[in-house]
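Here's structure-v2.txt, which has compact mmCIF, C-alpha atoms and all ligand atoms:
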```txt
# COMPACT_ATOMS: atom_id res chain seq x y z
CA MET A 1 21.26 16.60 10.87
CA LYS A 2 19.18 13.68 12.02
CA ASN A 3 17.00 12.03 9.43
CA SER A 4 13.49 11.57 10.80
CA LYS A 5 12.52 9.12 8.06
CA THR A 6 11.72 5.56 8.97
CA LEU A 7 12.96 2.57 7.04
CA LEU A 8 11.60 -0.95 7.41
CA VAL A 9 13.92 -3.74 6.32
CA ILE A 10 12.41 -7.18 5.77
CA GLU A 11 15.43 -9.44 5.48
CA ASP A 12 16.54 -12.60 7.24
CA GLU A 13 20.31 -12.35 6.70
CA PRO A 14 22.01 -10.65 9.68
CA ALA A 15 25.06 -9.62 7.60
CA ILE A 16 22.89 -7.65 5.17
CA VAL A 17 20.95 -6.05 8.00
CA ARG A 18 24.21 -5.03 9.72
CA PHE A 19 25.47 -3.54 6.46
CA LEU A 20 22.25 -1.56 6.02
CA ARG A 21 22.37 -0.31 9.57
CA SER A 22 25.97 0.83 9.13
CA CYS A 23 25.01 2.78 5.97
CA LEU A 24 21.90 4.33 7.44
CA GLY A 25 22.85 5.48 10.90
CA ALA A 26 20.65 8.56 10.69
CA TRP A 27 17.47 6.66 9.83
CA ASN A 28 14.87 5.29 12.19
CA PHE A 29 15.56 1.67 11.49
CA LEU A 30 13.04 -1.16 11.84
CA GLU A 31 13.86 -4.73 10.96
CA ALA A 32 11.86 -7.88 10.50
CA GLY A 33 13.15 -11.35 9.72
CA THR A 34 9.79 -12.71 8.61
CA LYS A 35 6.86 -11.59 6.48
CA ALA A 36 4.44 -11.61 9.42
CA ILE A 37 6.63 -9.30 11.49
CA GLY A 38 7.23 -7.14 8.44
CA LEU A 39 3.51 -6.71 7.93
CA GLN A 40 2.96 -5.91 11.58
CA LEU A 41 5.75 -3.30 11.70
CA ALA A 42 4.58 -1.75 8.43
CA ALA A 43 1.07 -1.42 9.83
CA GLU A 44 2.15 -0.05 13.20
CA HIS A 45 4.89 2.35 12.16
CA ARG A 46 3.92 3.25 8.61
CA PRO A 47 7.54 3.53 7.46
CA ASP A 48 8.60 6.00 4.79
CA VAL A 49 10.38 3.32 2.78
CA ILE A 50 10.30 -0.48 2.84
CA LEU A 51 13.26 -2.63 1.75
CA LEU A 52 12.06 -6.14 0.97
CA ASP A 53 14.36 -9.10 0.37
CA LEU A 54 13.14 -11.40 -2.37
CA ALA A 55 14.92 -14.39 -0.87
CA LEU A 56 13.20 -14.95 2.45
CA PRO A 57 13.53 -18.54 3.70
CA GLU A 58 9.76 -18.83 4.01
CA GLY A 59 9.39 -17.85 0.33
CA GLY A 60 6.44 -16.05 -1.23
CA ALA A 61 8.04 -12.60 -1.35
CA LEU A 62 5.99 -11.59 -4.41
CA SER A 63 2.62 -12.55 -3.00
CA PHE A 64 3.65 -10.82 0.22
CA LEU A 65 4.51 -7.71 -1.80
CA LYS A 66 1.00 -7.75 -3.26
CA VAL A 67 -0.57 -7.98 0.19
CA LEU A 68 1.58 -5.12 1.44
CA ARG A 69 0.73 -3.07 -1.63
CA GLN A 70 -2.98 -3.42 -0.91
CA TRP A 71 -2.75 -0.69 1.68
CA ALA A 72 0.84 0.47 2.18
CA SER A 73 1.62 3.33 -0.15
CA ALA A 74 5.22 3.68 1.06
CA PRO A 75 7.76 3.03 -1.67
CA ILE A 76 8.93 -0.58 -1.66
CA ILE A 77 12.45 -1.38 -2.85
CA LEU A 78 13.20 -5.01 -3.56
CA MET A 79 16.55 -6.61 -2.85
CA GLY A 80 17.58 -9.56 -5.00
CA SER A 81 20.46 -11.28 -6.72
CA HIS A 82 21.77 -11.44 -10.26
CA GLY A 83 19.78 -13.88 -12.38
CA GLN A 84 16.48 -12.94 -10.77
CA GLU A 85 15.40 -10.61 -13.58
CA ASN A 86 12.03 -12.31 -14.07
CA VAL A 87 11.24 -11.90 -10.40
CA GLN A 88 12.37 -8.27 -10.50
CA VAL A 89 9.99 -7.45 -13.34
CA ALA A 90 7.16 -9.35 -11.67
CA GLY A 91 7.92 -7.43 -8.48
CA LEU A 92 7.80 -4.07 -10.22
CA GLU A 93 4.52 -5.01 -11.87
CA ALA A 94 3.18 -6.08 -8.49
CA GLY A 95 3.81 -2.61 -7.12
CA ALA A 96 7.45 -2.38 -6.09
CA ASN A 97 9.06 0.97 -6.85
CA ASP A 98 12.64 -0.05 -7.40
CA PHE A 99 15.18 -2.82 -7.21
CA LEU A 100 18.64 -3.28 -5.70
CA VAL A 101 20.88 -6.11 -6.85
CA LYS A 102 23.09 -7.60 -4.13
CA PRO A 103 25.85 -6.80 -3.46
CA PHE A 104 25.22 -3.06 -3.65
CA THR A 105 27.31 -0.13 -2.46
CA PRO A 106 26.24 2.35 0.23
CA GLN A 107 26.05 4.98 -2.53
CA GLU A 108 23.66 2.87 -4.63
CA LEU A 109 21.52 2.28 -1.57
CA LEU A 110 21.34 5.96 -0.65
CA THR A 111 20.53 6.97 -4.23
CA ARG A 112 17.62 4.52 -4.38
CA LEU A 113 16.30 5.67 -1.01
CA GLN A 114 16.44 9.32 -2.03
CA LEU A 115 14.56 8.53 -5.23
CA ALA A 116 11.96 6.59 -3.29
CA LEU A 117 11.47 9.43 -0.83
CA ARG A 118 10.72 11.85 -3.61
CA HIS A 119 7.68 9.72 -4.34
CA THR A 120 6.67 9.49 -0.68
CA ASP A 121 5.99 13.19 -0.40
CA LYS A 122 3.40 12.91 -3.15
CA GLN A 123 1.52 10.03 -1.57
CA GLY A 124 -1.89 10.28 0.03
CA PRO A 125 -2.90 9.03 3.45
CA ARG A 126 -1.36 5.71 4.33
CA LEU A 127 -4.09 4.18 6.42
CA PRO A 128 -5.28 0.64 5.97
CA ILE A 129 -8.69 1.58 7.37
CA TYR A 130 -10.95 4.14 5.72
CA GLU A 131 -14.03 5.36 7.56
CA HIS A 132 -16.37 8.04 6.31
CA ARG A 133 -20.13 8.62 6.37
CA GLY A 134 -21.06 5.12 7.44
CA LEU A 135 -18.65 3.42 5.06
CA ARG A 136 -15.79 1.46 6.51
CA VAL A 137 -13.13 -0.20 4.37
CA ASP A 138 -10.41 -2.31 5.94
CA LEU A 139 -7.69 -2.92 3.36
CA TYR A 140 -5.83 -4.96 5.93
CA ALA A 141 -8.65 -7.46 6.42
CA HIS A 142 -10.09 -7.08 2.91
CA ARG A 143 -13.54 -6.26 4.29
CA VAL A 144 -16.13 -3.53 3.81
CA TRP A 145 -19.03 -2.38 6.00
CA LEU A 146 -21.86 0.08 5.52
CA LEU A 147 -23.52 1.25 8.74
CA ASN A 148 -21.84 -1.62 10.59
CA LYS A 149 -23.27 -4.22 8.23
CA GLU A 150 -20.78 -6.13 6.16
CA VAL A 151 -20.99 -5.47 2.43
CA HIS A 152 -20.05 -8.13 -0.10
CA LEU A 153 -18.36 -6.74 -3.17
CA SER A 154 -17.29 -8.55 -6.33
CA PRO A 155 -13.49 -8.78 -6.78
CA THR A 156 -13.48 -5.93 -9.32
CA GLN A 157 -15.73 -3.79 -7.12
CA TYR A 158 -13.38 -4.35 -4.20
CA GLU A 159 -10.34 -3.57 -6.33
CA CYS A 160 -11.93 -0.34 -7.53
CA LEU A 161 -12.78 0.71 -4.00
CA ALA A 162 -9.29 -0.22 -2.77
CA VAL A 163 -7.71 1.97 -5.46
CA LEU A 164 -9.93 4.87 -4.40
CA VAL A 165 -9.16 4.33 -0.70
CA ARG A 166 -5.45 4.29 -1.40
CA HIS A 167 -5.88 7.65 -3.14
CA ALA A 168 -8.51 9.02 -0.77
CA GLY A 169 -9.02 12.73 -1.23
CA ARG A 170 -7.33 12.68 -4.61
CA LEU A 171 -8.85 12.59 -8.05
CA VAL A 172 -8.47 9.26 -9.79
CA THR A 173 -8.96 9.65 -13.52
CA GLN A 174 -11.32 7.45 -15.47
CA SER A 175 -8.43 5.83 -17.34
CA GLN A 176 -6.35 5.34 -14.17
CA LEU A 177 -9.29 3.61 -12.56
CA MET A 178 -10.01 1.46 -15.61
CA LYS A 179 -6.37 0.42 -15.88
CA ALA A 180 -6.10 -0.30 -12.18
CA VAL A 181 -9.26 -2.41 -12.07
CA TRP A 182 -9.37 -4.14 -15.44
CA GLY A 183 -5.71 -3.94 -16.51
CA GLN A 184 -4.16 -2.55 -19.65
CA THR A 185 -5.35 -5.23 -22.00
CA ARG A 186 -9.09 -5.17 -21.52
CA GLU A 187 -11.13 -2.55 -23.35
CA VAL A 188 -13.63 -0.85 -21.07
CA THR A 189 -15.85 1.96 -22.23
CA LEU A 190 -16.64 5.04 -20.18
CA ASP A 191 -20.28 3.97 -20.17
CA ALA A 192 -19.31 0.62 -18.68
CA LEU A 193 -17.29 2.42 -16.02
CA ARG A 194 -20.28 4.65 -15.19
CA VAL A 195 -22.54 1.61 -14.80
CA PHE A 196 -19.88 -0.08 -12.69
CA ILE A 197 -19.58 2.95 -10.36
CA HIS A 198 -23.37 3.20 -10.18
CA GLU A 199 -23.55 -0.43 -9.02
CA LEU A 200 -20.73 0.07 -6.55
CA ARG A 201 -22.54 3.06 -5.05
CA GLN A 202 -25.62 0.94 -4.48
CA LYS A 203 -23.50 -1.10 -2.09
CA ILE A 204 -21.33 1.48 -0.36
CA GLU A 205 -23.43 4.64 -0.09
CA THR A 206 -26.23 5.22 2.41
CA ASP A 207 -27.98 7.28 -0.30
CA PRO A 208 -26.62 6.19 -3.71
CA VAL A 209 -28.49 9.02 -5.45
CA LYS A 210 -26.64 11.60 -3.37
CA PRO A 211 -23.26 9.95 -2.83
CA ARG A 212 -21.32 11.25 0.14
CA CYS A 213 -18.19 9.10 -0.21
CA LEU A 214 -17.64 8.29 -3.86
CA LYS A 215 -17.93 11.58 -5.74
CA THR A 216 -17.92 12.09 -9.50
CA GLU A 217 -15.63 14.74 -10.94
CA PRO A 218 -17.48 15.25 -14.21
CA GLY A 219 -15.30 14.74 -17.24
CA PHE A 220 -12.28 13.69 -15.16
CA GLY A 221 -12.96 10.78 -12.89
CA TYR A 222 -13.82 9.94 -9.31
CA ARG A 223 -12.75 10.91 -5.86
CA LEU A 224 -13.29 9.20 -2.55
CA GLU A 225 -13.82 11.87 0.09
CA LEU A 226 -11.11 12.15 2.73
CA PRO A 227 -12.18 10.23 5.83
CA GLU A 228 -13.67 12.17 8.71
CA LYS A 229 -11.75 10.04 11.18
CA ASN A 230 -8.13 9.02 10.89
CA ILE A 231 -8.30 5.74 12.62
CA PHE A 232 -5.92 2.91 12.67
CA LYS A 233 -6.50 -0.44 14.26
CA LYS A 234 -4.39 -3.52 14.37
CA SER A 235 -5.66 -6.58 12.62
CA PRO A 236 -6.14 -9.36 15.12
CA GLY A 237 -4.90 -11.82 12.50
CA VAL A 238 -1.24 -10.89 12.71
CA ILE A 239 0.76 -12.42 15.52
CA ARG A 240 3.79 -10.68 16.85
CA THR A 241 6.91 -12.65 17.59
CA ASP A 242 9.10 -10.22 19.45
CA LEU A 243 12.13 -12.48 19.29
CA SER A 244 12.77 -11.60 15.67
CA VAL A 245 12.02 -7.92 15.91
CA GLN A 246 14.54 -5.24 16.71
CA SER A 247 13.67 -1.62 16.66
CA ALA A 248 16.55 0.83 16.84
CA PRO A 249 16.38 3.34 19.68
CA HIS A 250 16.22 6.89 18.46
CA CA A 301 17.49 -13.37 2.43
```
Conversion result in structure tokens:
Amino acid sequence: MKNSKTLLVIEDEPAIVRFLRSCLGAWNFLEAGTKAIGLQLAAEHRPDVILLDLALPEGGALSFLKVLRQWASAPIILMGSHGQENVQVAGLEAGANDFLVKPFTPQELLTRLQLALRHTDKQGPRLPIYEHRGLRVDLYAHRVWLLNKEVHLSPTQYECLAVLVRHAGRLVTQSQLMKAVWGQTREVTLDALRVFIHELRQKIETDPVKPRCLKTEPGFGYRLELPEKNIFKKSPGVIRTDLSVQSAPH
């Protein structure tokens, strides 16, 4: 039976890519040799799983992972070598779901992919652009508009909104939100969270008294309403270099 799942591999070593292709004949297979192409393919095809090599010649795999994690909710599996434990942990903390140590067997690979896919089915919409009731959030460009006027949020306000966009339609608990925005270490009271949300609403709601996007679920947390439009637009900032892209026919 043909697997309709799509895998994006961001890896510069042809031998590894060939190995992956040979293991995963049934998958829709996308490959990118650079971070820029990887980002572009992830945005265009919204793969079900992303395999990211930690040793890209251009470097910066971890900061790239963070950028990708801003809006891509697909599971990300890192590929690295022995002796890279610090990077692995940093990668998992930065949002990666799992880790494969090279060299790995086809069986290890398939097991990790199956695990990752179990998470995929529970994910919310994977759209880098949220648009609802006059509010527009572009996780790709890191920008927010209300009624076509750009809104300037503080870093924590943006982070809070980004968390809600990534879980649009789903309830985000008070503690999940506090952890996501302020981290585990900082103590934040529920009152402080309420004030914070109140201030955020002043910026992102057309009528902050009767919020139509950011709803309170009393006693539980907050929910960003599902967008009325499912739109997706390419960021003009990413340049495609077709030479290093190969997309398997299927
Ligand atoms: Ca590599």
Applying 12 Å and only C-alpha atoms, which residues near Arg118 in chain A remain after dropping the ones on its own chain fewer than 6 positions away? List them as a VMD selection string. chain A and resid 48 to 49 74 to 75 97 111 to 112
With distances taken over all atoms listed in the file, which residue among A:Ala43, A:Leu78, A:Phe29, A:Leu24 lies nearest ligand CA 301 (chain A)?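 Ranked by minimum distance to ligand CA 301 (chain A), first place goes to A:Leu78.
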Nearest residue to Lys5 in chain A out of A:Pro47, A:Gly83, A:Gly38, A:Gly91, using only C-alpha atoms? A:Pro47
Given only C-alpha atoms as the basis, pick out the residue of A:Ala90, A:Val17, A:Ile76, A:Leu68 nearest to Leu139 in chain A.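 Distance minimum relative to Leu139 in chain A lands on A:Leu68.
Shortest separation to Gly95 in chain A among A:Ala180, A:Val172, A:Val165, A:Ala26 occurs at residue A:Ala180, atoms counted being all atoms listed in the file.
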Closest to ligand CA 301 (chain A) among A:Thr6, A:Ser22, A:Asn86, A:Ser81, using only C-alpha atoms and all ligand atoms?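 That would be A:Ser81, the residue with the smallest distance to ligand CA 301 (chain A).
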Using all atoms listed in the file, which residues have at least one atom no more than 12 Å from ligand CA 301 (chain A)? Output them as a VMD selection string. chain A and resid 9 to 17 32 to 35 51 to 61 78 to 81 102
Counting all atoms listed in the file, I want the residues whose atoms come within 8 Å of (-12.7, 12.2, -5.8) in the file frame, returned as a PyMOL selection string. chain A and resi 164+168-172+214-217+221-225
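Atom to atom, CA of Leu146 in chain A and CA of Ile204 in chain A stand 6.1 Å apart.
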Suppose you want the space between CA of Val151 in chain A and CA of Lys203 in chain A; what is it in Å? 6.8 Å
A:Pro128, A:Gly25, A:Pro106, A:Gly183 ranked by distance to Trp71 in chain A, top pick (using only C-alpha atoms):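 So, comparing all the options, the nearest one is A:Pro128.
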Exercise on range 176-192 of chain A, axis-aligned box with 8 Å per side, report centre and edge lengths in Å to one decimal, as lines of an AutoDock Vina configuration file:
```
center_x = -12.2
center_y = 0.1
center_z = -17.7
size_x = 32.1
size_y = 26.6
size_z = 27.3
```
Could you give me range 214-225 of chain A completed to all heavy atoms, formatted as a compact mmCIF listing (two decimals), in the coordinates of the input?
```txt
# COMPACT_ATOMS: atom_id res chain seq x y z
N LEU A 214 -18.20 8.45 -2.51
CA LEU A 214 -17.64 8.29 -3.86
C LEU A 214 -18.23 9.35 -4.78
O LEU A 214 -19.35 9.23 -5.28
CB LEU A 214 -17.93 6.87 -4.36
CG LEU A 214 -17.52 6.50 -5.79
CD1 LEU A 214 -16.12 6.96 -6.13
CD2 LEU A 214 -17.62 5.00 -5.98
N LYS A 215 -17.46 10.42 -4.98
CA LYS A 215 -17.93 11.58 -5.74
C LYS A 215 -17.46 11.49 -7.19
O LYS A 215 -16.35 11.03 -7.46
CB LYS A 215 -17.40 12.87 -5.11
CG LYS A 215 -17.86 13.11 -3.68
CD LYS A 215 -19.30 13.58 -3.64
CE LYS A 215 -19.85 13.78 -2.25
NZ LYS A 215 -19.34 14.96 -1.54
N THR A 216 -18.30 12.00 -8.09
CA THR A 216 -17.92 12.09 -9.50
C THR A 216 -17.30 13.47 -9.75
O THR A 216 -17.81 14.47 -9.27
CB THR A 216 -19.15 11.95 -10.41
OG1 THR A 216 -19.78 10.70 -10.11
CG2 THR A 216 -18.77 11.98 -11.88
N GLU A 217 -16.21 13.47 -10.45
CA GLU A 217 -15.63 14.74 -10.94
C GLU A 217 -15.93 14.75 -12.43
O GLU A 217 -15.20 14.13 -13.21
CB GLU A 217 -14.12 14.77 -10.70
CG GLU A 217 -13.69 14.72 -9.26
CD GLU A 217 -13.81 16.06 -8.57
OE1 GLU A 217 -13.97 17.08 -9.27
OE2 GLU A 217 -13.74 16.09 -7.33
N PRO A 218 -17.01 15.39 -12.83
CA PRO A 218 -17.48 15.25 -14.21
C PRO A 218 -16.38 15.53 -15.24
O PRO A 218 -15.68 16.52 -15.15
CB PRO A 218 -18.60 16.28 -14.31
CG PRO A 218 -19.04 16.51 -12.90
CD PRO A 218 -17.80 16.35 -12.06
N GLY A 219 -16.28 14.59 -16.17
CA GLY A 219 -15.30 14.74 -17.24
C GLY A 219 -13.90 14.27 -16.87
O GLY A 219 -13.05 14.10 -17.73
N PHE A 220 -13.63 14.08 -15.58
CA PHE A 220 -12.28 13.69 -15.16
C PHE A 220 -12.23 12.28 -14.57
O PHE A 220 -11.47 11.44 -15.00
CB PHE A 220 -11.73 14.68 -14.13
CG PHE A 220 -11.45 16.01 -14.72
CD1 PHE A 220 -12.34 17.06 -14.56
CD2 PHE A 220 -10.28 16.23 -15.44
CE1 PHE A 220 -12.07 18.30 -15.12
CE2 PHE A 220 -10.02 17.46 -16.00
CZ PHE A 220 -10.92 18.51 -15.85
N GLY A 221 -13.04 12.08 -13.54
CA GLY A 221 -12.96 10.78 -12.89
C GLY A 221 -13.72 10.78 -11.58
O GLY A 221 -14.80 11.38 -11.48
N TYR A 222 -13.12 10.14 -10.58
CA TYR A 222 -13.82 9.94 -9.31
C TYR A 222 -12.88 10.25 -8.16
O TYR A 222 -11.67 10.15 -8.27
CB TYR A 222 -14.33 8.50 -9.22
CG TYR A 222 -15.30 8.19 -10.33
CD1 TYR A 222 -14.86 7.66 -11.54
CD2 TYR A 222 -16.65 8.50 -10.19
CE1 TYR A 222 -15.74 7.41 -12.58
CE2 TYR A 222 -17.54 8.27 -11.22
CZ TYR A 222 -17.09 7.72 -12.42
OH TYR A 222 -17.96 7.49 -13.44
N ARG A 223 -13.52 10.59 -7.05
CA ARG A 223 -12.75 10.91 -5.86
C ARG A 223 -13.47 10.34 -4.65
O ARG A 223 -14.68 10.54 -4.49
CB ARG A 223 -12.64 12.43 -5.72
CG ARG A 223 -11.69 12.88 -4.61
CD ARG A 223 -11.86 14.37 -4.34
NE ARG A 223 -11.70 15.21 -5.52
CZ ARG A 223 -10.54 15.72 -5.93
NH1 ARG A 223 -9.45 15.48 -5.26
NH2 ARG A 223 -10.48 16.47 -7.02
N LEU A 224 -12.73 9.65 -3.82
CA LEU A 224 -13.29 9.20 -2.55
C LEU A 224 -12.97 10.29 -1.53
O LEU A 224 -11.82 10.71 -1.40
CB LEU A 224 -12.65 7.87 -2.14
CG LEU A 224 -13.40 7.05 -1.11
CD1 LEU A 224 -14.75 6.59 -1.64
CD2 LEU A 224 -12.57 5.84 -0.68
N GLU A 225 -14.01 10.78 -0.86
CA GLU A 225 -13.82 11.87 0.09
C GLU A 225 -12.81 11.46 1.17
O GLU A 225 -12.77 10.29 1.58
CB GLU A 225 -15.15 12.22 0.75
CG GLU A 225 -16.13 12.89 -0.18
CD GLU A 225 -15.73 14.32 -0.54
OE1 GLU A 225 -15.72 15.17 0.36
OE2 GLU A 225 -15.43 14.57 -1.72
```
